[in-house]
$ cat work15.txt   # compact mmCIF, C-alpha atoms
# COMPACT_ATOMS: atom_id res chain seq x y z
CA MET A 1 130.31 65.15 166.54
CA GLN A 2 128.21 63.91 163.66
CA LYS A 3 125.97 66.42 161.96
CA ALA A 4 122.45 66.62 163.34
CA PHE A 5 119.07 67.25 161.73
CA LYS A 6 118.68 67.30 157.96
CA GLU A 7 121.64 65.31 156.71
CA THR A 8 122.97 66.27 153.30
CA LYS A 9 125.88 63.82 153.14
CA ILE A 10 125.72 60.91 150.75
CA HIS A 11 125.44 57.58 152.56
CA GLY A 12 127.26 55.04 150.44
CA ARG A 13 127.99 55.75 146.78
CA LEU A 14 125.84 57.50 144.20
CA ASP A 15 125.73 54.31 142.14
CA PHE A 16 125.24 52.11 145.22
CA PRO A 17 123.33 54.00 147.96
CA TYR A 18 123.98 51.65 150.86
CA VAL A 19 126.16 51.86 153.96
CA VAL A 20 126.46 50.32 157.43
CA TYR A 21 127.70 52.27 160.47
CA ILE A 22 128.48 51.06 163.96
CA GLY A 23 127.38 53.22 166.90
CA LEU A 24 128.53 53.15 170.50
CA ILE A 25 126.74 54.95 173.32
CA PRO A 26 128.32 56.53 175.37
CA GLU A 27 131.66 56.37 173.51
CA GLY A 28 132.31 60.11 173.20
CA LEU A 29 128.61 60.98 173.07
CA THR A 30 125.69 60.09 175.30
CA SER A 31 123.28 60.71 172.42
CA PHE A 32 122.93 61.14 168.67
CA PRO A 33 120.79 64.28 168.24
CA LEU A 34 117.47 64.44 166.43
CA HIS A 35 118.01 64.28 162.66
CA TRP A 36 116.52 62.96 159.45
CA HIS A 37 117.72 61.93 155.99
CA LYS A 38 116.38 60.62 152.70
CA GLU A 39 117.60 57.07 153.28
CA PHE A 40 115.59 54.25 154.85
CA GLU A 41 117.33 53.18 158.06
CA ILE A 42 117.42 49.87 159.89
CA ILE A 43 118.80 50.05 163.45
CA TYR A 44 119.93 46.75 164.97
CA ILE A 45 120.79 46.63 168.67
CA HIS A 46 123.90 44.47 168.98
CA SER A 47 124.33 44.70 172.76
CA GLY A 48 123.27 46.70 175.78
CA CYS A 49 120.27 48.98 175.93
CA GLY A 50 119.28 52.57 175.21
CA THR A 51 116.45 54.86 174.17
CA ILE A 52 115.65 55.60 170.54
CA PHE A 53 113.24 58.36 169.53
CA VAL A 54 111.36 57.89 166.26
CA ASP A 55 108.61 60.22 165.07
CA SER A 56 107.24 61.56 168.37
CA LYS A 57 107.71 58.34 170.34
CA SER A 58 110.52 56.98 172.52
CA TYR A 59 111.41 53.28 172.48
CA ASP A 60 113.39 51.54 175.21
CA CYS A 61 115.57 49.17 173.20
CA ARG A 62 117.83 46.26 174.09
CA TYR A 63 119.88 43.49 172.52
CA GLY A 64 118.19 41.93 169.49
CA ASP A 65 115.68 44.70 168.83
CA ILE A 66 115.28 45.97 165.26
CA LEU A 67 113.94 49.45 164.46
CA LEU A 68 112.66 50.50 161.05
CA VAL A 69 112.97 54.22 160.28
CA PRO A 70 111.37 55.42 157.00
CA PRO A 71 112.94 58.23 154.93
CA ASP A 72 112.58 61.81 156.22
CA THR A 73 111.53 60.63 159.69
CA ILE A 74 112.95 62.51 162.68
CA HIS A 75 114.86 60.18 164.99
CA GLY A 76 117.60 60.25 167.62
CA ILE A 77 119.44 57.97 170.05
CA ASN A 78 120.04 58.50 173.77
CA GLN A 79 121.81 56.73 176.58
CA LYS A 80 119.47 55.09 179.09
CA ASN A 81 120.57 55.77 182.65
CA ASN A 82 124.25 54.79 182.70
CA GLU A 83 123.90 51.82 180.38
CA LYS A 84 126.04 51.19 177.29
CA MET A 85 124.71 50.23 173.87
CA VAL A 86 126.29 49.03 170.64
CA TYR A 87 124.12 49.28 167.55
CA PHE A 88 124.37 49.13 163.77
CA ASN A 89 122.74 51.49 161.28
CA ILE A 90 121.97 50.13 157.82
CA LEU A 91 121.08 53.02 155.49
CA PHE A 92 119.92 52.56 151.92
CA GLN A 93 117.80 54.13 149.23
CA PRO A 94 115.23 52.14 147.22
CA SER A 95 117.27 52.85 144.10
CA LEU A 96 119.69 50.26 145.47
CA LEU A 97 117.13 47.66 144.35
CA GLU A 98 115.85 49.42 141.23
CA ALA A 99 117.65 52.38 139.66
CA ASP A 100 114.96 53.10 137.05
CA GLN A 101 112.42 55.30 138.83
CA ASP A 102 110.04 55.01 135.87
CA SER A 103 109.86 51.22 136.09
CA SER A 104 106.70 49.51 137.30
CA PHE A 105 108.70 47.80 140.06
CA TYR A 106 109.95 51.10 141.45
CA LYS A 107 106.51 52.73 141.32
CA LYS A 108 104.77 49.80 142.98
CA TYR A 109 107.28 48.71 145.62
CA CYS A 110 109.78 51.53 146.21
CA LEU A 111 107.89 54.78 145.82
CA PRO A 112 105.20 54.12 148.45
CA LEU A 113 107.80 53.60 151.21
CA GLU A 114 110.01 56.38 149.91
CA GLU A 115 107.17 58.93 149.96
CA GLY A 116 105.55 57.75 153.19
CA GLN A 117 102.37 56.45 151.56
CA ILE A 118 102.90 53.26 153.53
CA ARG A 119 104.86 52.86 156.77
CA PRO A 120 106.21 49.80 158.61
CA PRO A 121 106.05 49.34 162.39
CA VAL A 122 109.01 50.96 164.12
CA LEU A 123 110.04 48.41 166.76
CA LEU A 124 110.43 44.69 166.14
CA THR A 125 111.33 42.76 169.29
CA PRO A 126 113.17 39.41 169.06
CA ASP A 127 110.02 37.42 169.82
CA THR A 128 108.17 38.62 166.69
CA LYS A 129 107.97 36.63 163.47
CA ALA A 130 109.31 39.54 161.43
CA SER A 131 112.37 39.86 163.69
CA ARG A 132 113.10 36.14 163.38
CA GLN A 133 112.94 36.53 159.60
CA LEU A 134 115.08 39.66 159.45
CA ARG A 135 117.88 38.84 161.89
CA PRO A 136 119.54 36.10 159.76
CA LEU A 137 119.61 38.60 156.88
CA ILE A 138 120.72 41.65 158.88
CA GLU A 139 123.47 40.10 161.01
CA PRO A 140 125.71 39.10 158.05
CA LEU A 141 125.51 42.72 156.83
CA THR A 142 126.63 44.02 160.22
CA GLU A 143 129.53 41.57 160.26
CA HIS A 144 130.84 43.13 157.04
CA TRP A 145 130.09 46.73 158.02
CA ASN A 146 133.66 48.03 157.53
CA GLU A 147 134.45 46.27 154.25
CA ALA A 148 134.57 48.01 150.85
CA VAL A 149 131.09 47.88 149.30
CA GLN A 150 132.39 47.38 145.79
CA GLU A 151 133.73 44.00 146.88
CA ASN A 152 130.34 42.91 148.24
CA VAL A 153 127.73 44.25 145.83
CA LEU A 154 126.27 40.85 145.01
CA PHE A 155 126.36 39.81 148.68
CA VAL A 156 124.57 42.99 149.81
CA LYS A 157 121.86 42.81 147.17
CA ALA A 158 121.26 39.13 147.92
CA LYS A 159 120.40 40.13 151.49
CA MET A 160 118.64 43.45 150.79
CA PHE A 161 115.98 42.10 148.42
CA PRO A 162 114.43 39.71 151.00
CA ILE A 163 114.89 42.34 153.74
CA TYR A 164 112.96 44.85 151.67
CA GLU A 165 110.30 42.27 150.83
CA ILE A 166 109.69 41.69 154.56
CA ILE A 167 109.60 45.44 155.33
CA TYR A 168 107.18 46.05 152.46
CA GLY A 169 104.94 43.22 153.68
CA LEU A 170 104.83 44.72 157.19
CA SER A 171 103.92 48.20 155.98
CA GLU A 172 100.44 49.66 156.15
CA LYS A 173 98.86 52.55 154.29
CA SER A 174 99.08 55.97 155.85
CA ALA A 175 95.81 57.79 156.54
CA GLY A 176 94.09 58.46 153.23
CA GLY A 177 96.87 56.69 151.36
CA SER A 178 98.81 59.96 151.11
CA LYS A 179 102.13 61.01 152.57
CA LYS A 180 101.86 61.11 156.35
CA VAL A 181 102.46 64.47 158.04
CA THR A 182 103.67 63.55 161.50
CA ALA A 183 103.68 65.68 164.62
CA SER A 184 107.47 65.78 164.74
CA SER A 185 107.81 66.72 161.05
CA ARG A 186 106.16 70.07 161.78
CA PHE A 187 109.26 71.01 163.78
CA LYS A 188 111.77 70.37 160.99
CA PRO A 189 112.26 74.08 160.14
CA LEU A 190 113.04 74.79 163.79
CA LEU A 191 115.43 71.86 164.19
CA SER A 192 117.31 72.92 161.08
CA TYR A 193 117.50 76.46 162.42
CA VAL A 194 118.88 75.25 165.76
CA SER A 195 121.50 73.18 163.95
CA ALA A 196 122.76 76.26 162.10
CA ASN A 197 122.26 78.91 164.82
CA TYR A 198 122.72 77.20 168.19
CA ASN A 199 125.43 79.74 169.08
CA GLU A 200 122.90 82.57 168.94
CA ALA A 201 120.06 83.50 171.29
CA ILE A 202 116.91 81.65 170.18
CA SER A 203 113.77 82.88 171.91
CA ILE A 204 110.51 81.02 172.32
CA LYS A 205 108.96 83.68 170.11
CA LYS A 206 111.43 82.96 167.30
CA ALA A 207 111.02 79.19 167.70
CA ALA A 208 107.23 79.45 167.57
CA GLU A 209 107.37 81.65 164.47
CA LEU A 210 109.49 79.07 162.65
CA CYS A 211 106.76 76.50 163.27
CA ASN A 212 103.87 78.89 162.56
CA TYR A 213 102.54 78.35 166.08
CA SER A 214 101.52 80.69 168.86
CA GLU A 215 104.03 80.72 171.71
CA ALA A 216 101.68 78.94 174.11
CA PHE A 217 100.76 76.22 171.62
CA PHE A 218 104.39 75.81 170.56
CA MET A 219 105.63 75.20 174.09
CA LYS A 220 102.88 72.68 174.80
CA SER A 221 103.28 70.90 171.46
CA PHE A 222 107.08 70.69 171.59
CA LYS A 223 107.00 69.17 175.08
CA LYS A 224 104.31 66.69 174.07
CA THR A 225 106.16 65.67 170.90
CA PHE A 226 109.73 65.36 172.17
CA GLY A 227 109.25 64.82 175.90
CA ILE A 228 111.29 67.89 176.94
CA THR A 229 110.87 71.66 176.75
CA PHE A 230 112.41 73.55 173.87
CA ASN A 231 114.84 75.39 176.16
CA SER A 232 115.99 72.09 177.67
CA TYR A 233 116.45 70.64 174.20
CA LEU A 234 118.46 73.66 173.05
CA ASN A 235 120.63 73.45 176.16
CA GLU A 236 121.27 69.73 175.64
CA PHE A 237 122.22 70.31 172.02
CA ARG A 238 124.65 73.07 173.00
CA LEU A 239 126.24 70.87 175.68
CA GLU A 240 126.76 68.03 173.18
CA LYS A 241 128.46 70.52 170.86
CA ALA A 242 130.55 71.89 173.72
CA GLN A 243 131.84 68.43 174.62
CA ASP A 244 132.85 67.88 171.01
CA TYR A 245 134.69 71.22 170.81
CA LEU A 246 136.58 70.58 174.04
CA LYS A 247 137.67 67.14 172.87
CA ASN A 248 138.47 67.89 169.26
CA THR A 249 139.56 71.54 168.96
CA ASP A 250 142.14 73.84 170.54
CA MET A 251 139.50 76.29 171.79
CA ASN A 252 139.69 77.12 175.49
CA VAL A 253 136.70 76.81 177.85
CA SER A 254 135.67 80.45 177.51
CA GLN A 255 135.76 80.25 173.72
CA VAL A 256 133.68 77.06 173.74
CA SER A 257 131.13 78.64 176.05
CA ASN A 258 130.75 81.58 173.70
CA GLU A 259 130.73 79.43 170.56
CA CYS A 260 127.93 77.28 171.95
CA GLY A 261 125.67 80.21 172.81
CA PHE A 262 125.86 80.29 176.61
CA GLU A 263 125.14 83.68 178.13
CA SER A 264 127.79 83.39 180.85
CA LEU A 265 130.85 81.25 181.55
CA SER A 266 129.68 80.37 185.07
CA TYR A 267 126.31 79.13 183.79
CA PHE A 268 128.05 77.07 181.11
CA ILE A 269 130.34 75.42 183.66
CA LYS A 270 127.38 74.67 185.94
CA CYS A 271 125.33 73.09 183.14
CA PHE A 272 128.30 71.18 181.73
CA ARG A 273 129.18 69.64 185.08
CA LYS A 274 125.57 68.66 185.73
CA LYS A 275 125.33 66.85 182.38
CA TRP A 276 128.80 65.29 182.08
CA GLY A 277 129.83 64.89 185.72
CA VAL A 278 133.07 66.86 185.21
CA THR A 279 133.91 70.50 184.63
CA PRO A 280 134.82 71.60 181.10
CA HIS A 281 138.32 72.46 182.38
CA THR A 282 138.78 68.89 183.63
CA LEU A 283 137.61 67.43 180.32
CA LYS A 284 139.90 69.78 178.41
CA LYS A 285 142.91 68.71 180.50
CA SER A 286 142.11 65.01 180.09
CA ARG A 287 142.73 65.13 176.33
CA ASN A 288 146.20 66.58 176.72
$ encode --input "work15.txt" --output "C-alpha cells"
Amino acid sequence: MQKAFKETKIHGRLDFPYVVYIGLIPEGLTSFPLHWHKEFEIIYIHSGCGTIFVDSKSYDCRYGDILLVPPDTIHGINQKNNEKMVYFNILFQPSLLEADQDSSFYKKYCLPLEEGQIRPPVLLTPDTKASRQLRPLIEPLTEHWNEAVQENVLFVKAKMFPIYEIIYGLSEKSAGGSKKVTASSRFKPLLSYVSANYNEAISIKKAAELCNYSEAFFMKSFKKTFGITFNSYLNEFRLEKAQDYLKNTDMNVSQVSNECGFESLSYFIKCFRKKWGVTPHTLKKSRN
C-alpha cells in the first residue's frame, strides 16, 4: 500500500523533479487515502470513472477529465460504486522549469503557484477550452510514463512549458493574495498522526486536541470537510492497511487485526467482510 498523508519520498530525480504514475482502481485497492505532497499534480482520467477528493470537495470523474492539484493540497481517490478507473498522475515541481529560485521568472511564475498565492480550478471536463488545450500535451506524457526520464528530458520539457503556461493562465489569486488556508489543511496534523498511529486507540478527544478544536466542533467540522465521521475514516484507513498486510505479509489474521488497531478479532472480521465482501481468512488463503 502506498504511503498516505504527508509524502516525504522524492518524485522523480533531485535534478529533474518530474514523474508519471499509472493508477488502477480497484486493482488491489479501492482507494488511495488522503495525502499531500510538495509537488504539483495533474490527474488525467484515462478510462472508467471514480471519485476524487481535493481540498474539501469530492469530484465525480470520468474518461477525459483533468484535475489540477496544487502543492500541499489534501487529496485522495476512491472507487465509485463498483466501477473501475485507470488514471495517470503527473507530478512535478516548478524547479523543473526554472532551477534558480532567485530568478525573476521563478518569482513571477513559479512561486505564486508553489505557495498557494494563486490557484487553478480543480476539475477540467473534456468540453472546456482548457481541457482541449491540455489533452494533446498531457497524453504524450502518459504514453511514455514508464520510460527512463533521462532519455526524454527535452521531450518532457517541451510539453511541460506550455502545460504550465495554461495552468498559470487559469489560476486566480487567493483571498487577499496570500497563501490560502483551506478547511482541509487544518486537519493535516491529525491525518499525519493517524498515518503513524493507526494501530493505537485514537479518541475523539485526542483527535480534537490535535486540531485545536473542541470535541463538538471537531466532529461537525470533520464530517462537513471530508463527508464522513472521523471514526468511519479511521476504520476505513485501518481496513485498507489490513488488506495490504494480508496480501503482502506473512502475518496471520489475528496479528493483522491487532496491528491495525482493532479492539477485537470478531469486530475486525465483521468490518473487513462488510468492506471487502470476503472474510480476512478467505483473502489470506487466496494469495497462497
$ residues_near_point --input "work15.txt" --point "(124.0, 61.1, 171.1)" --cutoff "8 Å" --atoms "all atoms listed in the file" --output "PDB file with C-alpha atoms, in the frame of the given file"
ATOM      1  CA  ILE A  25     126.740  54.950 173.320  1.00  0.00           C
ATOM      2  CA  PRO A  26     128.320  56.530 175.370  1.00  0.00           C
ATOM      3  CA  LEU A  29     128.610  60.980 173.070  1.00  0.00           C
ATOM      4  CA  THR A  30     125.690  60.090 175.300  1.00  0.00           C
ATOM      5  CA  SER A  31     123.280  60.710 172.420  1.00  0.00           C
ATOM      6  CA  PHE A  32     122.930  61.140 168.670  1.00  0.00           C
ATOM      7  CA  PRO A  33     120.790  64.280 168.240  1.00  0.00           C
ATOM      8  CA  GLY A  76     117.600  60.250 167.620  1.00  0.00           C
ATOM      9  CA  ILE A  77     119.440  57.970 170.050  1.00  0.00           C
ATOM     10  CA  ASN A  78     120.040  58.500 173.770  1.00  0.00           C
ATOM     11  CA  GLN A  79     121.810  56.730 176.580  1.00  0.00           C
ATOM     12  CA  GLU A 240     126.760  68.030 173.180  1.00  0.00           C
TER      13      GLU A 240
END
$ closest_residue --input "work15.txt" --among "A:Gln117, A:Asn89, A:Ser171, A:Thr73" --to "Tyr18 in chain A" --atoms "all atoms listed in the file"
A:Asn89
$ atom_distance --input "work15.txt" --atom1 "CA of Glu143 in chain A" --atom2 "CA of Ser131 in chain A"
17.6 Å
$ atom_distance --input "work15.txt" --atom1 "CA of Glu259 in chain A" --atom2 "CA of Leu239 in chain A"
10.9 Å
$ atom_distance --input "work15.txt" --atom1 "CA of Pro126 in chain A" --atom2 "CA of Asp65 in chain A"
5.9 Å
$ residues_around --input "work15.txt" --residues "Glu39 in chain A" --least-positions-apart "5" --cutoff "9 Å" --atoms "all atoms listed in the file" --output "number ranges by chain"
A: 11, 17-18, 69-72, 91-94, 114
$ write_last_selection --input "work15.txt" --atoms "C-alpha atoms" --output "PDB file, in the frame of the given file"
ATOM      1  CA  HIS A  11     125.440  57.580 152.560  1.00  0.00           C
ATOM      2  CA  PRO A  17     123.330  54.000 147.960  1.00  0.00           C
ATOM      3  CA  TYR A  18     123.980  51.650 150.860  1.00  0.00           C
ATOM      4  CA  VAL A  69     112.970  54.220 160.280  1.00  0.00           C
ATOM      5  CA  PRO A  70     111.370  55.420 157.000  1.00  0.00           C
ATOM      6  CA  PRO A  71     112.940  58.230 154.930  1.00  0.00           C
ATOM      7  CA  ASP A  72     112.580  61.810 156.220  1.00  0.00           C
ATOM      8  CA  LEU A  91     121.080  53.020 155.490  1.00  0.00           C
ATOM      9  CA  PHE A  92     119.920  52.560 151.920  1.00  0.00           C
ATOM     10  CA  GLN A  93     117.800  54.130 149.230  1.00  0.00           C
ATOM     11  CA  PRO A  94     115.230  52.140 147.220  1.00  0.00           C
ATOM     12  CA  GLU A 114     110.010  56.380 149.910  1.00  0.00           C
TER      13      GLU A 114
END
$ residues_around --input "work15.txt" --residues "range 262-277 of chain A" --least-positions-apart "5" --cutoff "12 Å" --atoms "only C-alpha atoms" --output "PyMOL selection string"
chain A and resi 26+28-31+82+198-202+232+234-243+246+252-257+282-283
